[in-house]
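Student: So that we are looking at the same thing, I have put the structure below in structure tokens.
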Amino acid sequence: MIIKTAEFVISNTDVKKCPDSALPEYAFIGRSNVGKSSLINMITAHKGLAMTSQKPGKTQLINHFLINKSWHLVDLPGYGYARLGQSNREKFKTIIESYILDREQLTCLFVLLDCRHKPQKIDLEFIEWAGEHGVPFALVFTKADKLSRGRLSANVEAYKQKLRESWEELPPIFVTSSEKKEGRDELLAYIDEINQTL
Ligand code: GTP
Ligand code: MG
């Protein structure tokens, strides 16, 4: 898929105020700092589209971007950022959960995982929760440039092994680097493929 246009539409904390449109929507979720906003910029080839930061907790709203005037990409706040404090963490959890469960246009949720880490409880619990609620999702490993090829494939394989303990069938899995622009074609092809079936 060629990205012809990528435009910021709206930011908000309320799923009811998300764009009133029937366009299919693809959202990026994962821990704070995993690279959600960077990946949005990378796949759209629009560097400053989504705001990124070295410090976790940058994205605090539901951000809609209109791509090729035909589908939405959605940047979400990260989950599990310890320094936010309990009440803010709960607030983000509510925003994220209500968006995911109530937004009918949500076509696929991309769950981002830092490829350097072993499977983390918070991510596994989130994946479990998404599965229990029948949310269509795919997994995206980020920051692939930070590992050697050998370590990368070992970590991805270990993750699959862990998932097989609770899943009969594995979700689609992508490996990306926003730094090296890796995984872009694969992600866009996947989105395009789904869009064609709608
Ligand atoms: P929150 O909005 O806080 O939830 O974070 P986020 O998931 O949107 O992360 P963001 O895209 O802001 O990136 C966090 C940090 O990771 C930034 O310093 C990015 O430059 C860095 N980063 C993101 N993707 C990559 C990548 O593929 N490779 C490398 N080396 N760094 C990356
Ligand atoms: Mg962000």
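Chain labels follow the order of the structure tokens: the first chain is A, the next B, and so on; residue numbering restarts at 1 in every chain, and ligands are counted from 1 in their shown order.
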Give me, as JSON lines, the closest atom pair and its distance (Å, one decimal) for every residue of chain A within a cut-off of 10 Å of ligand 1, counting only C-alpha atoms and all ligand atoms, rows sorted by chain and rising number.
Tutor:
```
{"residue": "A:Phe28", "atom": "CA", "partner": "ligand 1", "partner_atom_place_in_ligand_line": "7 (O)", "distance": 8.5}
{"residue": "A:Ile29", "atom": "CA", "partner": "ligand 1", "partner_atom_place_in_ligand_line": "7 (O)", "distance": 7.6}
{"residue": "A:Gly30", "atom": "CA", "partner": "ligand 1", "partner_atom_place_in_ligand_line": "7 (O)", "distance": 6.5}
{"residue": "A:Arg31", "atom": "CA", "partner": "ligand 1", "partner_atom_place_in_ligand_line": "4 (O)", "distance": 6.0}
{"residue": "A:Ser32", "atom": "CA", "partner": "ligand 1", "partner_atom_place_in_ligand_line": "4 (O)", "distance": 3.3}
{"residue": "A:Asn33", "atom": "CA", "partner": "ligand 1", "partner_atom_place_in_ligand_line": "5 (O)", "distance": 3.5}
{"residue": "A:Val34", "atom": "CA", "partner": "ligand 1", "partner_atom_place_in_ligand_line": "7 (O)", "distance": 4.0}
{"residue": "A:Gly35", "atom": "CA", "partner": "ligand 1", "partner_atom_place_in_ligand_line": "9 (O)", "distance": 3.4}
{"residue": "A:Lys36", "atom": "CA", "partner": "ligand 1", "partner_atom_place_in_ligand_line": "7 (O)", "distance": 3.8}
{"residue": "A:Ser37", "atom": "CA", "partner": "ligand 1", "partner_atom_place_in_ligand_line": "11 (O)", "distance": 3.8}
{"residue": "A:Ser38", "atom": "CA", "partner": "ligand 1", "partner_atom_place_in_ligand_line": "11 (O)", "distance": 3.6}
{"residue": "A:Leu39", "atom": "CA", "partner": "ligand 1", "partner_atom_place_in_ligand_line": "24 (N)", "distance": 6.3}
{"residue": "A:Ile40", "atom": "CA", "partner": "ligand 1", "partner_atom_place_in_ligand_line": "11 (O)", "distance": 8.0}
{"residue": "A:Asn41", "atom": "CA", "partner": "ligand 1", "partner_atom_place_in_ligand_line": "11 (O)", "distance": 8.4}
{"residue": "A:Met42", "atom": "CA", "partner": "ligand 1", "partner_atom_place_in_ligand_line": "27 (O)", "distance": 8.9}
{"residue": "A:Ala50", "atom": "CA", "partner": "ligand 1", "partner_atom_place_in_ligand_line": "11 (O)", "distance": 8.0}
{"residue": "A:Met51", "atom": "CA", "partner": "ligand 1", "partner_atom_place_in_ligand_line": "12 (O)", "distance": 6.5}
{"residue": "A:Thr52", "atom": "CA", "partner": "ligand 1", "partner_atom_place_in_ligand_line": "12 (O)", "distance": 3.3}
{"residue": "A:Ser53", "atom": "CA", "partner": "ligand 1", "partner_atom_place_in_ligand_line": "12 (O)", "distance": 4.2}
{"residue": "A:Gln54", "atom": "CA", "partner": "ligand 1", "partner_atom_place_in_ligand_line": "18 (O)", "distance": 3.4}
{"residue": "A:Lys55", "atom": "CA", "partner": "ligand 1", "partner_atom_place_in_ligand_line": "3 (O)", "distance": 6.4}
{"residue": "A:Pro56", "atom": "CA", "partner": "ligand 1", "partner_atom_place_in_ligand_line": "3 (O)", "distance": 3.7}
{"residue": "A:Gly57", "atom": "CA", "partner": "ligand 1", "partner_atom_place_in_ligand_line": "3 (O)", "distance": 3.4}
{"residue": "A:Lys58", "atom": "CA", "partner": "ligand 1", "partner_atom_place_in_ligand_line": "3 (O)", "distance": 3.8}
{"residue": "A:Thr59", "atom": "CA", "partner": "ligand 1", "partner_atom_place_in_ligand_line": "2 (O)", "distance": 3.6}
{"residue": "A:Gln60", "atom": "CA", "partner": "ligand 1", "partner_atom_place_in_ligand_line": "2 (O)", "distance": 6.8}
{"residue": "A:Leu61", "atom": "CA", "partner": "ligand 1", "partner_atom_place_in_ligand_line": "2 (O)", "distance": 9.0}
{"residue": "A:Asp75", "atom": "CA", "partner": "ligand 1", "partner_atom_place_in_ligand_line": "8 (O)", "distance": 7.5}
{"residue": "A:Leu76", "atom": "CA", "partner": "ligand 1", "partner_atom_place_in_ligand_line": "4 (O)", "distance": 7.2}
{"residue": "A:Pro77", "atom": "CA", "partner": "ligand 1", "partner_atom_place_in_ligand_line": "4 (O)", "distance": 4.9}
{"residue": "A:Gly78", "atom": "CA", "partner": "ligand 1", "partner_atom_place_in_ligand_line": "4 (O)", "distance": 3.6}
{"residue": "A:Tyr79", "atom": "CA", "partner": "ligand 1", "partner_atom_place_in_ligand_line": "4 (O)", "distance": 7.0}
{"residue": "A:Gly80", "atom": "CA", "partner": "ligand 1", "partner_atom_place_in_ligand_line": "4 (O)", "distance": 9.2}
{"residue": "A:Tyr81", "atom": "CA", "partner": "ligand 1", "partner_atom_place_in_ligand_line": "4 (O)", "distance": 8.0}
{"residue": "A:Leu112", "atom": "CA", "partner": "ligand 1", "partner_atom_place_in_ligand_line": "7 (O)", "distance": 8.0}
{"residue": "A:Leu113", "atom": "CA", "partner": "ligand 1", "partner_atom_place_in_ligand_line": "7 (O)", "distance": 9.5}
{"residue": "A:Asp114", "atom": "CA", "partner": "ligand 1", "partner_atom_place_in_ligand_line": "24 (N)", "distance": 9.0}
{"residue": "A:Cys115", "atom": "CA", "partner": "ligand 1", "partner_atom_place_in_ligand_line": "27 (O)", "distance": 9.7}
{"residue": "A:Phe141", "atom": "CA", "partner": "ligand 1", "partner_atom_place_in_ligand_line": "27 (O)", "distance": 9.0}
{"residue": "A:Thr142", "atom": "CA", "partner": "ligand 1", "partner_atom_place_in_ligand_line": "27 (O)", "distance": 5.4}
{"residue": "A:Lys143", "atom": "CA", "partner": "ligand 1", "partner_atom_place_in_ligand_line": "27 (O)", "distance": 3.5}
{"residue": "A:Ala144", "atom": "CA", "partner": "ligand 1", "partner_atom_place_in_ligand_line": "27 (O)", "distance": 6.1}
{"residue": "A:Asp145", "atom": "CA", "partner": "ligand 1", "partner_atom_place_in_ligand_line": "28 (N)", "distance": 5.7}
{"residue": "A:Lys146", "atom": "CA", "partner": "ligand 1", "partner_atom_place_in_ligand_line": "30 (N)", "distance": 5.8}
{"residue": "A:Leu147", "atom": "CA", "partner": "ligand 1", "partner_atom_place_in_ligand_line": "30 (N)", "distance": 9.5}
{"residue": "A:Val175", "atom": "CA", "partner": "ligand 1", "partner_atom_place_in_ligand_line": "27 (O)", "distance": 9.7}
{"residue": "A:Thr176", "atom": "CA", "partner": "ligand 1", "partner_atom_place_in_ligand_line": "27 (O)", "distance": 6.5}
{"residue": "A:Ser177", "atom": "CA", "partner": "ligand 1", "partner_atom_place_in_ligand_line": "27 (O)", "distance": 3.5}
{"residue": "A:Ser178", "atom": "CA", "partner": "ligand 1", "partner_atom_place_in_ligand_line": "27 (O)", "distance": 3.6}
{"residue": "A:Glu179", "atom": "CA", "partner": "ligand 1", "partner_atom_place_in_ligand_line": "28 (N)", "distance": 4.5}
{"residue": "A:Lys180", "atom": "CA", "partner": "ligand 1", "partner_atom_place_in_ligand_line": "27 (O)", "distance": 6.8}
{"residue": "A:Lys181", "atom": "CA", "partner": "ligand 1", "partner_atom_place_in_ligand_line": "27 (O)", "distance": 7.6}
{"residue": "A:Glu182", "atom": "CA", "partner": "ligand 1", "partner_atom_place_in_ligand_line": "27 (O)", "distance": 8.2}
{"residue": "A:Gly183", "atom": "CA", "partner": "ligand 1", "partner_atom_place_in_ligand_line": "27 (O)", "distance": 10.0}
```
Student: Could you tell me, as a PyMOL selection string, which residues of region 10-192 of chain A DSSP assigns to alpha helix (DSSP H) when given the backbone?
Tutor: chain A and resi 36-44+86-102+121-132+149-164+184-192
Student: Determine the nearest neighbour of Leu188 (chain A) from the options A:Ile96, A:Ser11, A:Leu139, A:Phe174, counting only C-alpha atoms.
Tutor: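 Closest to Leu188 (chain A), using only C-alpha atoms: A:Phe174.
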Student: So which one's closest to ligand 2, A:Ser166, A:Met1, A:Ala27, A:Pro19? Using only C-alpha atoms and all ligand atoms, please.
Tutor: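 Once distances to ligand 2 are computed over only C-alpha atoms and all ligand atoms, the minimum belongs to A:Ala27.
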Student: Could you name the residues that touch Ile67 (chain A) at 12 Å or less, counting only C-alpha atoms, but leaving out those on the same chain fewer than 5 positions away, as a PDB file with N, CA and C atoms, in the first residue's frame?
Tutor:
```
ATOM      1  N   MET A   1       0.846  -1.190   0.000  1.00  0.00           N
ATOM      2  CA  MET A   1       0.000   0.000   0.000  1.00  0.00           C
ATOM      3  C   MET A   1       0.887   1.247   0.000  1.00  0.00           C
ATOM      4  N   ILE A   2       0.517   2.196  -0.818  1.00  0.00           N
ATOM      5  CA  ILE A   2       1.242   3.469  -0.844  1.00  0.00           C
ATOM      6  C   ILE A   2       0.484   4.461   0.032  1.00  0.00           C
ATOM      7  N   ILE A   3       1.222   5.140   0.913  1.00  0.00           N
ATOM      8  CA  ILE A   3       0.581   6.155   1.751  1.00  0.00           C
ATOM      9  C   ILE A   3       0.602   7.476   0.993  1.00  0.00           C
ATOM     10  N   LYS A   4      -0.560   7.914   0.605  1.00  0.00           N
ATOM     11  CA  LYS A   4      -0.639   9.188  -0.138  1.00  0.00           C
ATOM     12  C   LYS A   4      -0.874  10.343   0.818  1.00  0.00           C
ATOM     13  N   THR A   5      -1.769  10.117   1.791  1.00  0.00           N
ATOM     14  CA  THR A   5      -2.033  11.182   2.764  1.00  0.00           C
ATOM     15  C   THR A   5      -2.136  10.592   4.163  1.00  0.00           C
ATOM     16  N   ALA A   6      -1.682  11.367   5.130  1.00  0.00           N
ATOM     17  CA  ALA A   6      -1.800  10.982   6.545  1.00  0.00           C
ATOM     18  C   ALA A   6      -2.037  12.270   7.314  1.00  0.00           C
ATOM     19  N   GLU A   7      -3.225  12.372   7.897  1.00  0.00           N
ATOM     20  CA  GLU A   7      -3.596  13.623   8.565  1.00  0.00           C
ATOM     21  C   GLU A   7      -4.060  13.374   9.986  1.00  0.00           C
ATOM     22  N   PHE A   8      -3.660  14.262  10.878  1.00  0.00           N
ATOM     23  CA  PHE A   8      -4.168  14.209  12.244  1.00  0.00           C
ATOM     24  C   PHE A   8      -5.636  14.636  12.221  1.00  0.00           C
ATOM     25  N   VAL A   9      -6.487  13.915  12.949  1.00  0.00           N
ATOM     26  CA  VAL A   9      -7.905  14.279  12.953  1.00  0.00           C
ATOM     27  C   VAL A   9      -8.304  14.896  14.293  1.00  0.00           C
ATOM     28  N   LEU A  23     -15.301   4.456   8.866  1.00  0.00           N
ATOM     29  CA  LEU A  23     -14.053   3.939   8.279  1.00  0.00           C
ATOM     30  C   LEU A  23     -13.399   2.908   9.198  1.00  0.00           C
ATOM     31  N   PRO A  24     -12.767   1.893   8.624  1.00  0.00           N
ATOM     32  CA  PRO A  24     -12.091   0.911   9.461  1.00  0.00           C
ATOM     33  C   PRO A  24     -10.929   1.557  10.224  1.00  0.00           C
ATOM     34  N   GLU A  25     -10.684   0.995  11.401  1.00  0.00           N
ATOM     35  CA  GLU A  25      -9.733   1.615  12.301  1.00  0.00           C
ATOM     36  C   GLU A  25      -8.733   0.585  12.815  1.00  0.00           C
ATOM     37  N   TYR A  26      -7.479   0.993  12.901  1.00  0.00           N
ATOM     38  CA  TYR A  26      -6.393   0.123  13.384  1.00  0.00           C
ATOM     39  C   TYR A  26      -5.693   0.869  14.509  1.00  0.00           C
ATOM     40  N   ILE A  40       3.789   4.530  14.260  1.00  0.00           N
ATOM     41  CA  ILE A  40       2.782   5.228  13.442  1.00  0.00           C
ATOM     42  C   ILE A  40       3.490   6.180  12.470  1.00  0.00           C
ATOM     43  N   ASN A  41       4.473   6.893  12.974  1.00  0.00           N
ATOM     44  CA  ASN A  41       5.222   7.792  12.094  1.00  0.00           C
ATOM     45  C   ASN A  41       5.983   7.014  11.029  1.00  0.00           C
ATOM     46  N   ILE A  43       5.329   3.904   9.758  1.00  0.00           N
ATOM     47  CA  ILE A  43       4.548   3.252   8.690  1.00  0.00           C
ATOM     48  C   ILE A  43       3.840   4.269   7.789  1.00  0.00           C
ATOM     49  N   THR A  44       3.560   5.462   8.330  1.00  0.00           N
ATOM     50  CA  THR A  44       2.933   6.460   7.464  1.00  0.00           C
ATOM     51  C   THR A  44       3.980   7.289   6.714  1.00  0.00           C
ATOM     52  N   ALA A  45       5.245   7.117   7.101  1.00  0.00           N
ATOM     53  CA  ALA A  45       6.336   7.925   6.547  1.00  0.00           C
ATOM     54  C   ALA A  45       6.079   9.423   6.751  1.00  0.00           C
ATOM     55  N   HIS A  46       5.483   9.740   7.911  1.00  0.00           N
ATOM     56  CA  HIS A  46       5.267  11.133   8.312  1.00  0.00           C
ATOM     57  C   HIS A  46       5.909  11.300   9.689  1.00  0.00           C
ATOM     58  N   LEU A  49       4.042  13.094  12.738  1.00  0.00           N
ATOM     59  CA  LEU A  49       2.585  12.900  12.813  1.00  0.00           C
ATOM     60  C   LEU A  49       2.138  12.607  14.249  1.00  0.00           C
ATOM     61  N   HIS A  72      -8.545   4.764   9.426  1.00  0.00           N
ATOM     62  CA  HIS A  72      -7.940   5.472  10.553  1.00  0.00           C
ATOM     63  C   HIS A  72      -6.855   4.644  11.235  1.00  0.00           C
ATOM     64  N   LEU A  73      -5.799   5.332  11.614  1.00  0.00           N
ATOM     65  CA  LEU A  73      -4.802   4.745  12.513  1.00  0.00           C
ATOM     66  C   LEU A  73      -5.018   5.435  13.846  1.00  0.00           C
ATOM     67  N   VAL A  74      -4.914   4.689  14.943  1.00  0.00           N
ATOM     68  CA  VAL A  74      -5.181   5.281  16.253  1.00  0.00           C
ATOM     69  C   VAL A  74      -4.007   5.026  17.191  1.00  0.00           C
ATOM     70  N   LEU A 188       1.675  -2.750   6.466  1.00  0.00           N
ATOM     71  CA  LEU A 188       0.755  -2.081   5.543  1.00  0.00           C
ATOM     72  C   LEU A 188       0.032  -3.088   4.660  1.00  0.00           C
ATOM     73  N   ILE A 191      -2.787  -4.604   6.730  1.00  0.00           N
ATOM     74  CA  ILE A 191      -3.917  -3.673   6.865  1.00  0.00           C
ATOM     75  C   ILE A 191      -4.683  -3.603   5.542  1.00  0.00           C
ATOM     76  N   ASP A 192      -3.935  -3.540   4.454  1.00  0.00           N
ATOM     77  CA  ASP A 192      -4.562  -3.451   3.131  1.00  0.00           C
ATOM     78  C   ASP A 192      -5.404  -4.684   2.841  1.00  0.00           C
TER      79      ASP A 192
END
```
